[in-house]
file work_8.pdb (PDB, C-alpha atoms and all ligand atoms)
ATOM      1  CA  MET A   1    -138.028  62.693-249.218
ATOM      2  CA  GLU A   2    -134.958  63.638-247.187
ATOM      3  CA  ALA A   3    -135.427  65.779-244.092
ATOM      4  CA  ALA A   4    -134.081  69.327-244.438
ATOM      5  CA  GLN A   5    -130.614  69.486-242.889
ATOM      6  CA  LYS A   6    -129.119  72.386-240.980
ATOM      7  CA  PRO A   7    -126.142  73.942-242.765
ATOM      8  CA  ALA A   8    -122.847  72.662-241.321
ATOM      9  CA  ARG A   9    -121.485  74.881-238.530
ATOM     10  CA  SER A  10    -117.875  75.922-238.066
ATOM     11  CA  PRO A  11    -115.895  74.062-235.374
ATOM     12  CA  ASN A  12    -116.082  77.181-233.166
ATOM     13  CA  ALA A  13    -119.833  77.638-233.517
ATOM     14  CA  PRO A  14    -122.051  77.149-230.457
ATOM     15  CA  THR A  15    -123.335  73.643-229.774
ATOM     16  CA  ASP A  16    -127.040  72.706-229.537
ATOM     17  CA  GLU A  17    -127.942  71.773-225.962
ATOM     18  CA  THR A  18    -131.217  70.482-224.570
ATOM     19  CA  VAL A  19    -133.178  72.285-221.863
ATOM     20  CA  LEU A  20    -133.683  69.910-218.918
ATOM     21  CA  GLU A  21    -135.454  72.075-216.341
ATOM     22  CA  VAL A  22    -136.855  75.601-216.028
ATOM     23  CA  ARG A  23    -137.837  77.324-212.773
ATOM     24  CA  HIS A  24    -139.539  80.712-212.574
ATOM     25  CA  PHE A  25    -138.935  82.558-209.308
ATOM     26  CA  THR A  26    -140.601  85.905-210.029
ATOM     27  CA  ASP A  27    -141.830  87.732-213.112
ATOM     28  CA  ARG A  28    -138.263  89.109-213.422
ATOM     29  CA  MET A  29    -136.083  86.063-212.727
ATOM     30  CA  PHE A  30    -135.823  82.394-213.702
ATOM     31  CA  SER A  31    -133.272  79.614-213.755
ATOM     32  CA  PHE A  32    -132.740  76.765-216.192
ATOM     33  CA  ARG A  33    -130.547  73.710-216.656
ATOM     34  CA  ILE A  34    -129.215  72.370-219.947
ATOM     35  CA  THR A  35    -127.138  69.419-221.076
ATOM     36  CA  ARG A  36    -123.350  69.791-220.825
ATOM     37  CA  PRO A  37    -121.173  68.452-223.635
ATOM     38  CA  LEU A  38    -118.370  66.200-222.375
ATOM     39  CA  ALA A  39    -115.800  68.466-224.030
ATOM     40  CA  PHE A  40    -117.067  71.633-222.311
ATOM     41  CA  ARG A  41    -114.698  72.561-219.472
ATOM     42  CA  PHE A  42    -114.883  75.658-217.253
ATOM     43  CA  ARG A  43    -113.713  77.032-213.914
ATOM     44  CA  SER A  44    -116.375  77.775-211.289
ATOM     45  CA  GLY A  45    -117.354  81.468-211.566
ATOM     46  CA  GLU A  46    -116.778  81.835-215.331
ATOM     47  CA  PHE A  47    -119.269  82.952-217.987
ATOM     48  CA  VAL A  48    -120.078  81.645-221.464
ATOM     49  CA  MET A  49    -122.119  82.810-224.459
ATOM     50  CA  ILE A  50    -125.550  81.234-224.645
ATOM     51  CA  GLY A  51    -128.537  81.982-226.834
ATOM     52  CA  LEU A  52    -131.101  80.964-229.397
ATOM     53  CA  ASP A  53    -131.280  80.488-233.135
ATOM     54  CA  GLN A  54    -132.956  83.254-235.115
ATOM     55  CA  ASP A  55    -134.930  83.194-238.355
ATOM     56  CA  SER A  56    -132.104  85.203-239.945
ATOM     57  CA  GLY A  57    -129.804  82.213-239.429
ATOM     58  CA  LYS A  58    -127.468  84.255-237.205
ATOM     59  CA  PRO A  59    -127.580  83.015-233.596
ATOM     60  CA  LEU A  60    -128.533  85.530-230.879
ATOM     61  CA  LEU A  61    -126.017  85.103-228.052
ATOM     62  CA  ARG A  62    -125.358  86.838-224.715
ATOM     63  CA  ALA A  63    -122.798  86.310-221.961
ATOM     64  CA  TYR A  64    -124.170  84.321-219.023
ATOM     65  CA  SER A  65    -122.459  83.356-215.802
ATOM     66  CA  ILE A  66    -122.549  79.619-215.245
ATOM     67  CA  ALA A  67    -124.350  79.058-211.935
ATOM     68  CA  SER A  68    -123.507  75.368-211.585
ATOM     69  CA  PRO A  69    -120.106  74.277-210.288
ATOM     70  CA  SER A  70    -117.403  72.909-212.570
ATOM     71  CA  TRP A  71    -117.974  69.281-211.480
ATOM     72  CA  ASP A  72    -121.716  69.229-212.336
ATOM     73  CA  GLU A  73    -122.856  67.038-215.262
ATOM     74  CA  GLN A  74    -125.384  69.684-216.294
ATOM     75  CA  LEU A  75    -125.102  73.460-216.738
ATOM     76  CA  GLU A  76    -127.313  75.840-214.763
ATOM     77  CA  PHE A  77    -128.036  79.524-215.409
ATOM     78  CA  PHE A  78    -129.949  82.189-213.467
ATOM     79  CA  SER A  79    -131.425  84.859-215.722
ATOM     80  CA  ILE A  80    -133.303  88.100-215.619
ATOM     81  CA  LYS A  81    -136.348  88.532-217.897
ATOM     82  CA  VAL A  82    -136.234  91.825-219.760
ATOM     83  CA  PRO A  83    -139.665  92.301-221.433
ATOM     84  CA  ASP A  84    -138.169  93.875-224.564
ATOM     85  CA  GLY A  85    -134.710  92.284-224.221
ATOM     86  CA  PRO A  86    -133.763  90.702-227.557
ATOM     87  CA  LEU A  87    -132.708  87.402-225.959
ATOM     88  CA  THR A  88    -134.409  87.148-222.559
ATOM     89  CA  SER A  89    -137.855  88.068-223.934
ATOM     90  CA  ARG A  90    -137.643  84.770-225.888
ATOM     91  CA  LEU A  91    -135.445  82.766-223.533
ATOM     92  CA  GLN A  92    -137.935  83.125-220.673
ATOM     93  CA  SER A  93    -140.400  80.906-222.610
ATOM     94  CA  ILE A  94    -138.060  77.921-223.023
ATOM     95  CA  GLN A  95    -139.408  74.523-221.956
ATOM     96  CA  PRO A  96    -137.717  71.196-221.213
ATOM     97  CA  GLY A  97    -136.773  69.585-224.533
ATOM     98  CA  ASP A  98    -136.122  72.912-226.308
ATOM     99  CA  THR A  99    -132.692  73.734-227.752
ATOM    100  CA  VAL A 100    -130.374  76.412-226.329
ATOM    101  CA  LEU A 101    -127.077  77.368-227.981
ATOM    102  CA  LEU A 102    -123.925  77.083-225.876
ATOM    103  CA  GLY A 103    -120.622  78.769-226.752
ATOM    104  CA  ARG A 104    -117.529  76.562-226.719
ATOM    105  CA  LYS A 105    -115.308  78.691-224.520
ATOM    106  CA  SER A 106    -115.832  80.099-221.028
ATOM    107  CA  VAL A 107    -113.900  83.019-219.546
ATOM    108  CA  GLY A 108    -114.075  85.327-216.551
ATOM    109  CA  THR A 109    -112.375  86.931-213.596
ATOM    110  CA  LEU A 110    -114.605  85.712-210.739
ATOM    111  CA  VAL A 111    -112.345  82.699-210.323
ATOM    112  CA  HIS A 112    -110.057  81.489-207.568
ATOM    113  CA  ASP A 113    -107.042  81.854-209.854
ATOM    114  CA  ALA A 114    -107.477  85.651-209.880
ATOM    115  CA  LEU A 115    -107.231  85.980-206.083
ATOM    116  CA  THR A 116    -104.206  85.569-203.850
ATOM    117  CA  PRO A 117    -104.657  83.333-200.774
ATOM    118  CA  GLY A 118    -106.738  84.741-197.911
ATOM    119  CA  ARG A 119    -108.815  83.592-194.957
ATOM    120  CA  ARG A 120    -112.279  85.087-195.626
ATOM    121  CA  LEU A 121    -114.012  85.328-199.015
ATOM    122  CA  TYR A 122    -116.711  87.955-199.580
ATOM    123  CA  LEU A 123    -119.075  87.443-202.518
ATOM    124  CA  PHE A 124    -121.050  90.704-203.022
ATOM    125  CA  SER A 125    -123.986  90.454-205.453
ATOM    126  CA  THR A 126    -127.210  92.088-206.561
ATOM    127  CA  GLY A 127    -130.055  90.439-208.495
ATOM    128  CA  THR A 128    -128.823  87.891-211.035
ATOM    129  CA  GLY A 129    -125.272  88.869-210.060
ATOM    130  CA  VAL A 130    -125.503  85.995-207.597
ATOM    131  CA  ALA A 131    -125.238  83.472-210.482
ATOM    132  CA  PRO A 132    -121.427  83.035-210.578
ATOM    133  CA  PHE A 133    -121.422  82.773-206.802
ATOM    134  CA  ALA A 134    -123.962  79.928-206.971
ATOM    135  CA  SER A 135    -121.148  78.139-208.773
ATOM    136  CA  ILE A 136    -118.388  79.242-206.375
ATOM    137  CA  ILE A 137    -120.239  78.204-203.189
ATOM    138  CA  ARG A 138    -120.806  74.694-204.611
ATOM    139  CA  ASP A 139    -117.120  74.186-205.383
ATOM    140  CA  PRO A 140    -115.079  72.317-202.740
ATOM    141  CA  GLU A 141    -112.003  74.338-203.749
ATOM    142  CA  THR A 142    -113.654  77.429-202.249
ATOM    143  CA  TYR A 143    -113.572  75.818-198.794
ATOM    144  CA  GLU A 144    -110.064  74.494-199.305
ATOM    145  CA  ARG A 145    -108.882  78.040-199.978
ATOM    146  CA  PHE A 146    -110.931  79.973-197.397
ATOM    147  CA  ASP A 147    -111.956  79.405-193.762
ATOM    148  CA  GLN A 148    -115.086  81.524-194.129
ATOM    149  CA  VAL A 149    -117.295  82.446-197.101
ATOM    150  CA  ILE A 150    -119.778  85.332-196.896
ATOM    151  CA  LEU A 151    -122.328  85.596-199.706
ATOM    152  CA  THR A 152    -124.384  88.796-199.804
ATOM    153  CA  GLN A 153    -127.256  89.453-202.176
ATOM    154  CA  THR A 154    -129.263  92.664-202.436
ATOM    155  CA  CYS A 155    -132.455  92.545-204.505
ATOM    156  CA  ARG A 156    -135.304  94.890-205.218
ATOM    157  CA  LEU A 157    -137.937  92.341-204.099
ATOM    158  CA  ALA A 158    -137.865  89.499-201.576
ATOM    159  CA  GLY A 159    -138.945  86.858-204.132
ATOM    160  CA  GLU A 160    -135.748  87.526-206.068
ATOM    161  CA  LEU A 161    -133.706  86.109-203.186
ATOM    162  CA  ALA A 162    -135.409  82.703-203.441
ATOM    163  CA  TYR A 163    -132.992  81.135-205.924
ATOM    164  CA  ALA A 164    -129.892  81.658-203.758
ATOM    165  CA  THR A 165    -131.743  81.142-200.481
ATOM    166  CA  GLU A 166    -132.965  77.707-201.589
ATOM    167  CA  LEU A 167    -129.521  76.818-202.865
ATOM    168  CA  VAL A 168    -127.775  77.807-199.628
ATOM    169  CA  ALA A 169    -130.392  75.908-197.602
ATOM    170  CA  SER A 170    -129.716  72.764-199.654
ATOM    171  CA  LEU A 171    -125.927  72.831-199.281
ATOM    172  CA  PRO A 172    -125.586  71.116-195.869
ATOM    173  CA  GLU A 173    -126.989  67.988-197.598
ATOM    174  CA  ASP A 174    -124.730  68.371-200.639
ATOM    175  CA  PRO A 175    -122.438  65.325-200.981
ATOM    176  CA  LEU A 176    -119.397  67.368-202.044
ATOM    177  CA  VAL A 177    -119.538  70.547-199.950
ATOM    178  CA  GLY A 178    -122.049  69.601-197.228
ATOM    179  CA  ASP A 179    -119.375  69.013-194.615
ATOM    180  CA  PHE A 180    -117.557  72.265-195.445
ATOM    181  CA  VAL A 181    -120.441  74.748-195.433
ATOM    182  CA  LYS A 182    -121.624  74.156-191.869
ATOM    183  CA  GLY A 183    -120.598  77.190-189.838
ATOM    184  CA  ARG A 184    -118.375  78.479-192.655
ATOM    185  CA  LEU A 185    -120.819  79.784-195.274
ATOM    186  CA  ALA A 186    -122.862  82.854-194.278
ATOM    187  CA  HIS A 187    -125.726  84.165-196.404
ATOM    188  CA  TYR A 188    -126.633  87.832-195.878
ATOM    189  CA  THR A 189    -129.686  89.190-197.686
ATOM    190  CA  THR A 190    -131.117  92.669-198.130
ATOM    191  CA  VAL A 191    -134.167  93.894-200.039
ATOM    192  CA  THR A 192    -134.524  97.529-201.082
ATOM    193  CA  ARG A 193    -138.034  97.967-202.454
ATOM    194  CA  GLU A 194    -140.368  96.112-200.115
ATOM    195  CA  PRO A 195    -140.490  95.213-196.422
ATOM    196  CA  TRP A 196    -137.606  93.009-195.253
ATOM    197  CA  PRO A 197    -135.599  92.892-192.012
ATOM    198  CA  ASN A 198    -132.690  94.632-193.745
ATOM    199  CA  ARG A 199    -133.653  97.196-196.399
ATOM    200  CA  GLN A 200    -130.342  98.845-197.225
ATOM    201  CA  ARG A 201    -128.010  98.491-200.194
ATOM    202  CA  ILE A 202    -124.852  96.482-199.542
ATOM    203  CA  THR A 203    -122.778  99.601-200.229
ATOM    204  CA  THR A 204    -124.492 101.439-197.364
ATOM    205  CA  LEU A 205    -123.979  98.456-195.056
ATOM    206  CA  ILE A 206    -120.256  98.249-195.879
ATOM    207  CA  GLU A 207    -119.852 101.989-195.461
ATOM    208  CA  ASN A 208    -121.650 102.253-192.108
ATOM    209  CA  GLY A 209    -120.110  98.994-190.847
ATOM    210  CA  GLN A 210    -123.444  97.312-190.109
ATOM    211  CA  LEU A 211    -122.562  94.348-192.340
ATOM    212  CA  PHE A 212    -119.536  93.508-190.197
ATOM    213  CA  ARG A 213    -121.354  94.058-186.903
ATOM    214  CA  ASP A 214    -124.231  91.817-188.051
ATOM    215  CA  LEU A 215    -121.793  89.075-189.081
ATOM    216  CA  GLY A 216    -119.556  89.479-186.042
ATOM    217  CA  VAL A 217    -116.429  89.945-188.165
ATOM    218  CA  PRO A 218    -113.843  92.753-188.327
ATOM    219  CA  PRO A 219    -114.114  95.416-191.075
ATOM    220  CA  LEU A 220    -112.692  94.662-194.548
ATOM    221  CA  ASP A 221    -108.966  93.963-194.317
ATOM    222  CA  PRO A 222    -106.810  93.289-197.397
ATOM    223  CA  ALA A 223    -104.394  91.254-195.265
ATOM    224  CA  VAL A 224    -106.926  88.446-194.730
ATOM    225  CA  ASP A 225    -110.073  89.165-196.784
ATOM    226  CA  ARG A 226    -110.664  88.552-200.476
ATOM    227  CA  VAL A 227    -113.614  89.976-202.437
ATOM    228  CA  MET A 228    -115.578  89.081-205.569
ATOM    229  CA  ILE A 229    -118.238  91.545-206.811
ATOM    230  CA  CYS A 230    -121.009  90.933-209.386
ATOM    231  CA  GLY A 231    -123.920  93.243-210.167
ATOM    232  CA  SER A 232    -124.973  96.183-212.333
ATOM    233  CA  LEU A 233    -122.376  98.652-213.573
ATOM    234  CA  GLU A 234    -123.430 101.184-210.925
ATOM    235  CA  MET A 235    -123.239  98.613-208.136
ATOM    236  CA  LEU A 236    -119.797  97.525-209.342
ATOM    237  CA  ALA A 237    -118.487 101.088-209.425
ATOM    238  CA  ASP A 238    -119.795 101.931-205.943
ATOM    239  CA  THR A 239    -118.679  98.664-204.310
ATOM    240  CA  ARG A 240    -115.291  98.780-206.014
ATOM    241  CA  ALA A 241    -114.733 102.300-204.640
ATOM    242  CA  LEU A 242    -115.399 101.094-201.082
ATOM    243  CA  VAL A 243    -113.136  98.072-201.438
ATOM    244  CA  GLU A 244    -110.346 100.189-202.923
ATOM    245  CA  LYS A 245    -110.781 102.718-200.123
ATOM    246  CA  ALA A 246    -110.194  99.824-197.701
ATOM    247  CA  GLY A 247    -106.836  99.255-199.429
ATOM    248  CA  PHE A 248    -107.630  96.308-201.723
ATOM    249  CA  THR A 249    -105.880  95.820-205.102
ATOM    250  CA  GLU A 250    -107.762  94.430-208.106
ATOM    251  CA  GLY A 251    -106.668  91.029-209.422
ATOM    252  CA  SER A 252    -106.940  89.247-212.762
ATOM    253  CA  ASN A 253    -106.105  85.827-214.163
ATOM    254  CA  ALA A 254    -102.689  87.116-215.229
ATOM    255  CA  SER A 255    -102.031  88.950-211.993
ATOM    256  CA  PRO A 256    -103.945  87.620-208.951
ATOM    257  CA  ALA A 257    -104.616  90.114-206.130
ATOM    258  CA  GLN A 258    -107.202  90.917-203.453
ATOM    259  CA  PHE A 259    -110.491  91.603-205.266
ATOM    260  CA  VAL A 260    -112.176  90.935-208.628
ATOM    261  CA  VAL A 261    -115.302  92.331-210.329
ATOM    262  CA  GLU A 262    -117.609  91.293-213.132
ATOM    263  CA  LYS A 263    -120.760  92.769-214.631
ATOM    264  CA  ALA A 264    -124.005  90.800-214.314
ATOM    265  CA  PHE A 265    -125.024  90.574-217.951
ATOM    266  CA  VAL A 266    -128.572  91.376-219.102
ATOM    267  CA  GLY A 267    -130.545  91.752-222.325
TER
HETATM  268  P1  LIG B 301    -132.311 100.058-205.258
HETATM  269  O1  LIG B 301    -133.649  99.393-205.186
HETATM  270  O2  LIG B 301    -132.061 101.025-204.142
HETATM  271  O3  LIG B 301    -132.005 100.634-206.620
HETATM  272  P2  LIG B 301    -131.004  96.332-210.223
HETATM  273  O4  LIG B 301    -132.114  95.332-210.477
HETATM  274  O5  LIG B 301    -131.345  97.740-210.630
HETATM  275  O6  LIG B 301    -129.665  95.875-210.717
HETATM  276  O7  LIG B 301    -130.880  96.401-208.643
HETATM  277  C1  LIG B 301    -130.721  95.252-207.872
HETATM  278  C2  LIG B 301    -130.437  95.677-206.465
HETATM  279  O8  LIG B 301    -129.201  96.404-206.438
HETATM  280  C3  LIG B 301    -131.492  96.628-205.903
HETATM  281  O9  LIG B 301    -131.738  96.232-204.580
HETATM  282  C4  LIG B 301    -130.819  97.979-205.986
HETATM  283  O10 LIG B 301    -131.211  98.893-204.988
HETATM  284  C5  LIG B 301    -129.373  97.618-205.776
HETATM  285  N1  LIG B 301    -128.492  98.615-206.367
HETATM  286  C6  LIG B 301    -128.694  99.330-207.487
HETATM  287  N2  LIG B 301    -127.673 100.168-207.728
HETATM  288  C7  LIG B 301    -126.784  99.987-206.727
HETATM  289  C8  LIG B 301    -125.519 100.553-206.403
HETATM  290  N3  LIG B 301    -124.986 101.496-207.165
HETATM  291  N4  LIG B 301    -124.893 100.109-205.301
HETATM  292  C9  LIG B 301    -125.443  99.158-204.522
HETATM  293  N5  LIG B 301    -126.627  98.582-204.770
HETATM  294  C10 LIG B 301    -127.302  98.978-205.853
END
call {"tool": "encode", "arguments": {"input": "work_8.pdb", "output": "structure tokens", "more": "lines below"}}
Ligand code: A2P
result
Amino acid sequence: MEAAQKPARSPNAPTDETVLEVRHFTDRMFSFRITRPLAFRFRSGEFVMIGLDQDSGKPLLRAYSIASPSWDEQLEFFSIKVPDGPLTSRLQSIQPGDTVLLGRKSVGTLVHDALTPGRRLYLFSTGTGVAPFASIIRDPETYERFDQVILTQTCRLAGELAYATELVASLPEDPLVGDFVKGRLAHYTTVTREPWPNRQRITTLIENGQLFRDLGVPPLDPAVDRVMICGSLEMLADTRALVEKAGFTEGSNASPAQFVVEKAFVG
């Protein structure tokens, strides 16, 4: 007897990729790596649709920032787990060998092309909003374009910082960016809902200037600084307001400028 065959998919349909590794950091956050088709190209910082097949036959897809850099042979993602989220409630149980659907096209504004040249790059994130920046800080182009890179992440709980903290700690040994990151990549962490040396939101720290004093850098200056922001809608609105108040203009792929924003996608 012939094995049942899947119906043929359209040329634009997502591809089937294999889960290679899954890491759970807390009961709210996990990361995973999947195979990358040779034809899949993206710019560091972009997002893509990924998801799972459903019994209905219609795939369940959500936008996910790609956390791995554009040169990596695999694709990495950093995800929240929403207990009743249609996708993440299932996705959090994936195991190596399982299939994940990958969209064919990546897009996004958290890319170098959307910023004009500058000297210092700020990457402001909360929670899983750090994912696109995990890609950016592993890309040699980041250090070709900027003298200094400052990654901030604010999380509810300390365990949620582990993904980016481990990544940053590993970078000095990274064959591609190891030589660039030393003394040029700063990682600034704050935790709002349990004890931690710094317990304030990034917006408060920008507003009261403590961020800049702690880092030993001047306040935000559109002449030399560039900014990427990724977090919840509320975090984006509040951080954007501060950056605009400092005189920054928003950029896009079509019209590069001084700052860019993107929502950290959930569900
Ligand atoms: P807080 O604990 O004070 O709400 P979330 O998981 O809700 O996206 O939050 C992730 C982190 O972002 C939390 O530390 C949270 O702080 C912080 N946060 C939430 N809303 C804002 C905002 N509007 N501006 C800055 N930080 C925010």
call {"tool": "residues_near_ligand", "arguments": {"input": "work_8.pdb", "ligand": "ligand LIG 301 (chain B)", "cutoff": "10 Å", "atoms": "all atoms listed in the file", "output": "PyMOL selection string"}}
result
chain A and resi 28+80+124-129+153-158+160+190-194+199-205+231-240+264+266
call {"tool": "resolve_selection", "arguments": {"input": "work_8.pdb", "expression": "the PyMOL selection byres (((chain A and resi 217-227) around 8) and not hetatm)", "output": "mmCIF file with C-alpha atoms, keeping the file's coordinate frame"}}
result
data_model
loop_
_atom_site.group_PDB
_atom_site.id
_atom_site.type_symbol
_atom_site.label_atom_id
_atom_site.label_comp_id
_atom_site.auth_asym_id
_atom_site.auth_seq_id
_atom_site.Cartn_x
_atom_site.Cartn_y
_atom_site.Cartn_z
ATOM 1 C CA LEU A 115 -107.231 85.980 -206.083
ATOM 2 C CA THR A 116 -104.206 85.569 -203.850
ATOM 3 C CA PRO A 117 -104.657 83.333 -200.774
ATOM 4 C CA GLY A 118 -106.738 84.741 -197.911
ATOM 5 C CA ARG A 119 -108.815 83.592 -194.957
ATOM 6 C CA ARG A 120 -112.279 85.087 -195.626
ATOM 7 C CA LEU A 121 -114.012 85.328 -199.015
ATOM 8 C CA TYR A 122 -116.711 87.955 -199.580
ATOM 9 C CA LEU A 123 -119.075 87.443 -202.518
ATOM 10 C CA PHE A 124 -121.050 90.704 -203.022
ATOM 11 C CA GLY A 209 -120.110 98.994 -190.847
ATOM 12 C CA PHE A 212 -119.536 93.508 -190.197
ATOM 13 C CA ARG A 213 -121.354 94.058 -186.903
ATOM 14 C CA LEU A 215 -121.793 89.075 -189.081
ATOM 15 C CA GLY A 216 -119.556 89.479 -186.042
ATOM 16 C CA MET A 228 -115.578 89.081 -205.569
ATOM 17 C CA ILE A 229 -118.238 91.545 -206.811
ATOM 18 C CA VAL A 243 -113.136 98.072 -201.438
ATOM 19 C CA ALA A 246 -110.194 99.824 -197.701
ATOM 20 C CA GLY A 247 -106.836 99.255 -199.429
ATOM 21 C CA PHE A 248 -107.630 96.308 -201.723
ATOM 22 C CA GLN A 258 -107.202 90.917 -203.453
ATOM 23 C CA PHE A 259 -110.491 91.603 -205.266
ATOM 24 C CA VAL A 260 -112.176 90.935 -208.628
#
call {"tool": "atom_distance", "arguments": {"input": "work_8.pdb", "atom1": "atom CA of Asp179 of chain A", "atom2": "atom CA of Arg36 of chain A"}}
result
26.5 Å
call {"tool": "closest_residue", "arguments": {"input": "work_8.pdb", "among": "A:Tyr64, A:Tyr188, A:Phe78, A:Phe40", "to": "Val168 of chain A", "atoms": "all atoms listed in the file"}}
result
A:Tyr188
call {"tool": "atom_distance", "arguments": {"input": "work_8.pdb", "atom1": "atom CA of Lys263 of chain A", "atom2": "atom CA of Ser44 of chain A"}}
result
16.0 Å
call {"tool": "closest_residue", "arguments": {"input": "work_8.pdb", "among": "A:Lys182, A:Ala63, A:Phe47, A:Ser70", "to": "Tyr143 of chain A", "atoms": "all atoms listed in the file"}}
result
A:Lys182
call {"tool": "build_atoms", "arguments": {"input": "work_8.pdb", "residues": "segment 60-75 of chain A", "atoms": "N, CA, C and O atoms", "output": "mmCIF file, in the frame of the given file"}}
result
data_model
loop_
_atom_site.group_PDB
_atom_site.id
_atom_site.type_symbol
_atom_site.label_atom_id
_atom_site.label_comp_id
_atom_site.auth_asym_id
_atom_site.auth_seq_id
_atom_site.Cartn_x
_atom_site.Cartn_y
_atom_site.Cartn_z
ATOM 1 N N LEU A 60 -128.488 84.392 -231.806
ATOM 2 C CA LEU A 60 -128.533 85.530 -230.879
ATOM 3 C C LEU A 60 -127.931 85.058 -229.557
ATOM 4 O O LEU A 60 -128.496 84.196 -228.881
ATOM 5 N N LEU A 61 -126.764 85.599 -229.216
ATOM 6 C CA LEU A 61 -126.017 85.103 -228.052
ATOM 7 C C LEU A 61 -125.740 86.225 -227.067
ATOM 8 O O LEU A 61 -125.519 87.368 -227.455
ATOM 9 N N ARG A 62 -125.724 85.889 -225.762
ATOM 10 C CA ARG A 62 -125.358 86.838 -224.715
ATOM 11 C C ARG A 62 -124.465 86.116 -223.704
ATOM 12 O O ARG A 62 -124.549 84.893 -223.562
ATOM 13 N N ALA A 63 -123.655 86.891 -222.993
ATOM 14 C CA ALA A 63 -122.798 86.310 -221.961
ATOM 15 C C ALA A 63 -123.628 85.979 -220.721
ATOM 16 O O ALA A 63 -124.398 86.808 -220.250
ATOM 17 N N TYR A 64 -123.467 84.764 -220.229
ATOM 18 C CA TYR A 64 -124.170 84.321 -219.023
ATOM 19 C C TYR A 64 -123.190 83.670 -218.069
ATOM 20 O O TYR A 64 -122.424 82.783 -218.470
ATOM 21 N N SER A 65 -123.248 84.060 -216.805
ATOM 22 C CA SER A 65 -122.459 83.356 -215.802
ATOM 23 C C SER A 65 -123.006 81.951 -215.631
ATOM 24 O O SER A 65 -124.229 81.759 -215.594
ATOM 25 N N ILE A 66 -122.123 80.994 -215.504
ATOM 26 C CA ILE A 66 -122.549 79.619 -215.245
ATOM 27 C C ILE A 66 -122.779 79.503 -213.741
ATOM 28 O O ILE A 66 -121.888 79.809 -212.942
ATOM 29 N N ALA A 67 -123.990 79.091 -213.359
ATOM 30 C CA ALA A 67 -124.350 79.058 -211.935
ATOM 31 C C ALA A 67 -124.040 77.705 -211.300
ATOM 32 O O ALA A 67 -123.997 77.593 -210.075
ATOM 33 N N SER A 68 -123.838 76.694 -212.123
ATOM 34 C CA SER A 68 -123.507 75.368 -211.585
ATOM 35 C C SER A 68 -121.991 75.283 -211.385
ATOM 36 O O SER A 68 -121.236 76.003 -212.039
ATOM 37 N N PRO A 69 -121.547 74.408 -210.506
ATOM 38 C CA PRO A 69 -120.106 74.277 -210.288
ATOM 39 C C PRO A 69 -119.447 73.444 -211.375
ATOM 40 O O PRO A 69 -120.119 72.734 -212.123
ATOM 41 N N SER A 70 -118.120 73.512 -211.437
ATOM 42 C CA SER A 70 -117.403 72.909 -212.570
ATOM 43 C C SER A 70 -117.539 71.388 -212.614
ATOM 44 O O SER A 70 -117.352 70.790 -213.657
ATOM 45 N N TRP A 71 -117.899 70.748 -211.468
ATOM 46 C CA TRP A 71 -117.974 69.281 -211.480
ATOM 47 C C TRP A 71 -119.351 68.761 -211.931
ATOM 48 O O TRP A 71 -119.521 67.577 -212.172
ATOM 49 N N ASP A 72 -120.334 69.648 -212.065
ATOM 50 C CA ASP A 72 -121.716 69.229 -212.336
ATOM 51 C C ASP A 72 -121.862 68.675 -213.761
ATOM 52 O O ASP A 72 -121.281 69.227 -214.697
ATOM 53 N N GLU A 73 -122.657 67.627 -213.925
ATOM 54 C CA GLU A 73 -122.856 67.038 -215.262
ATOM 55 C C GLU A 73 -123.755 67.890 -216.146
ATOM 56 O O GLU A 73 -123.811 67.715 -217.353
ATOM 57 N N GLN A 74 -124.527 68.788 -215.523
ATOM 58 C CA GLN A 74 -125.384 69.684 -216.294
ATOM 59 C C GLN A 74 -124.888 71.121 -216.106
ATOM 60 O O GLN A 74 -124.048 71.377 -215.246
ATOM 61 N N LEU A 75 -125.440 72.038 -216.905
ATOM 62 C CA LEU A 75 -125.102 73.460 -216.738
ATOM 63 C C LEU A 75 -126.354 74.201 -216.276
ATOM 64 O O LEU A 75 -127.448 73.966 -216.809
#
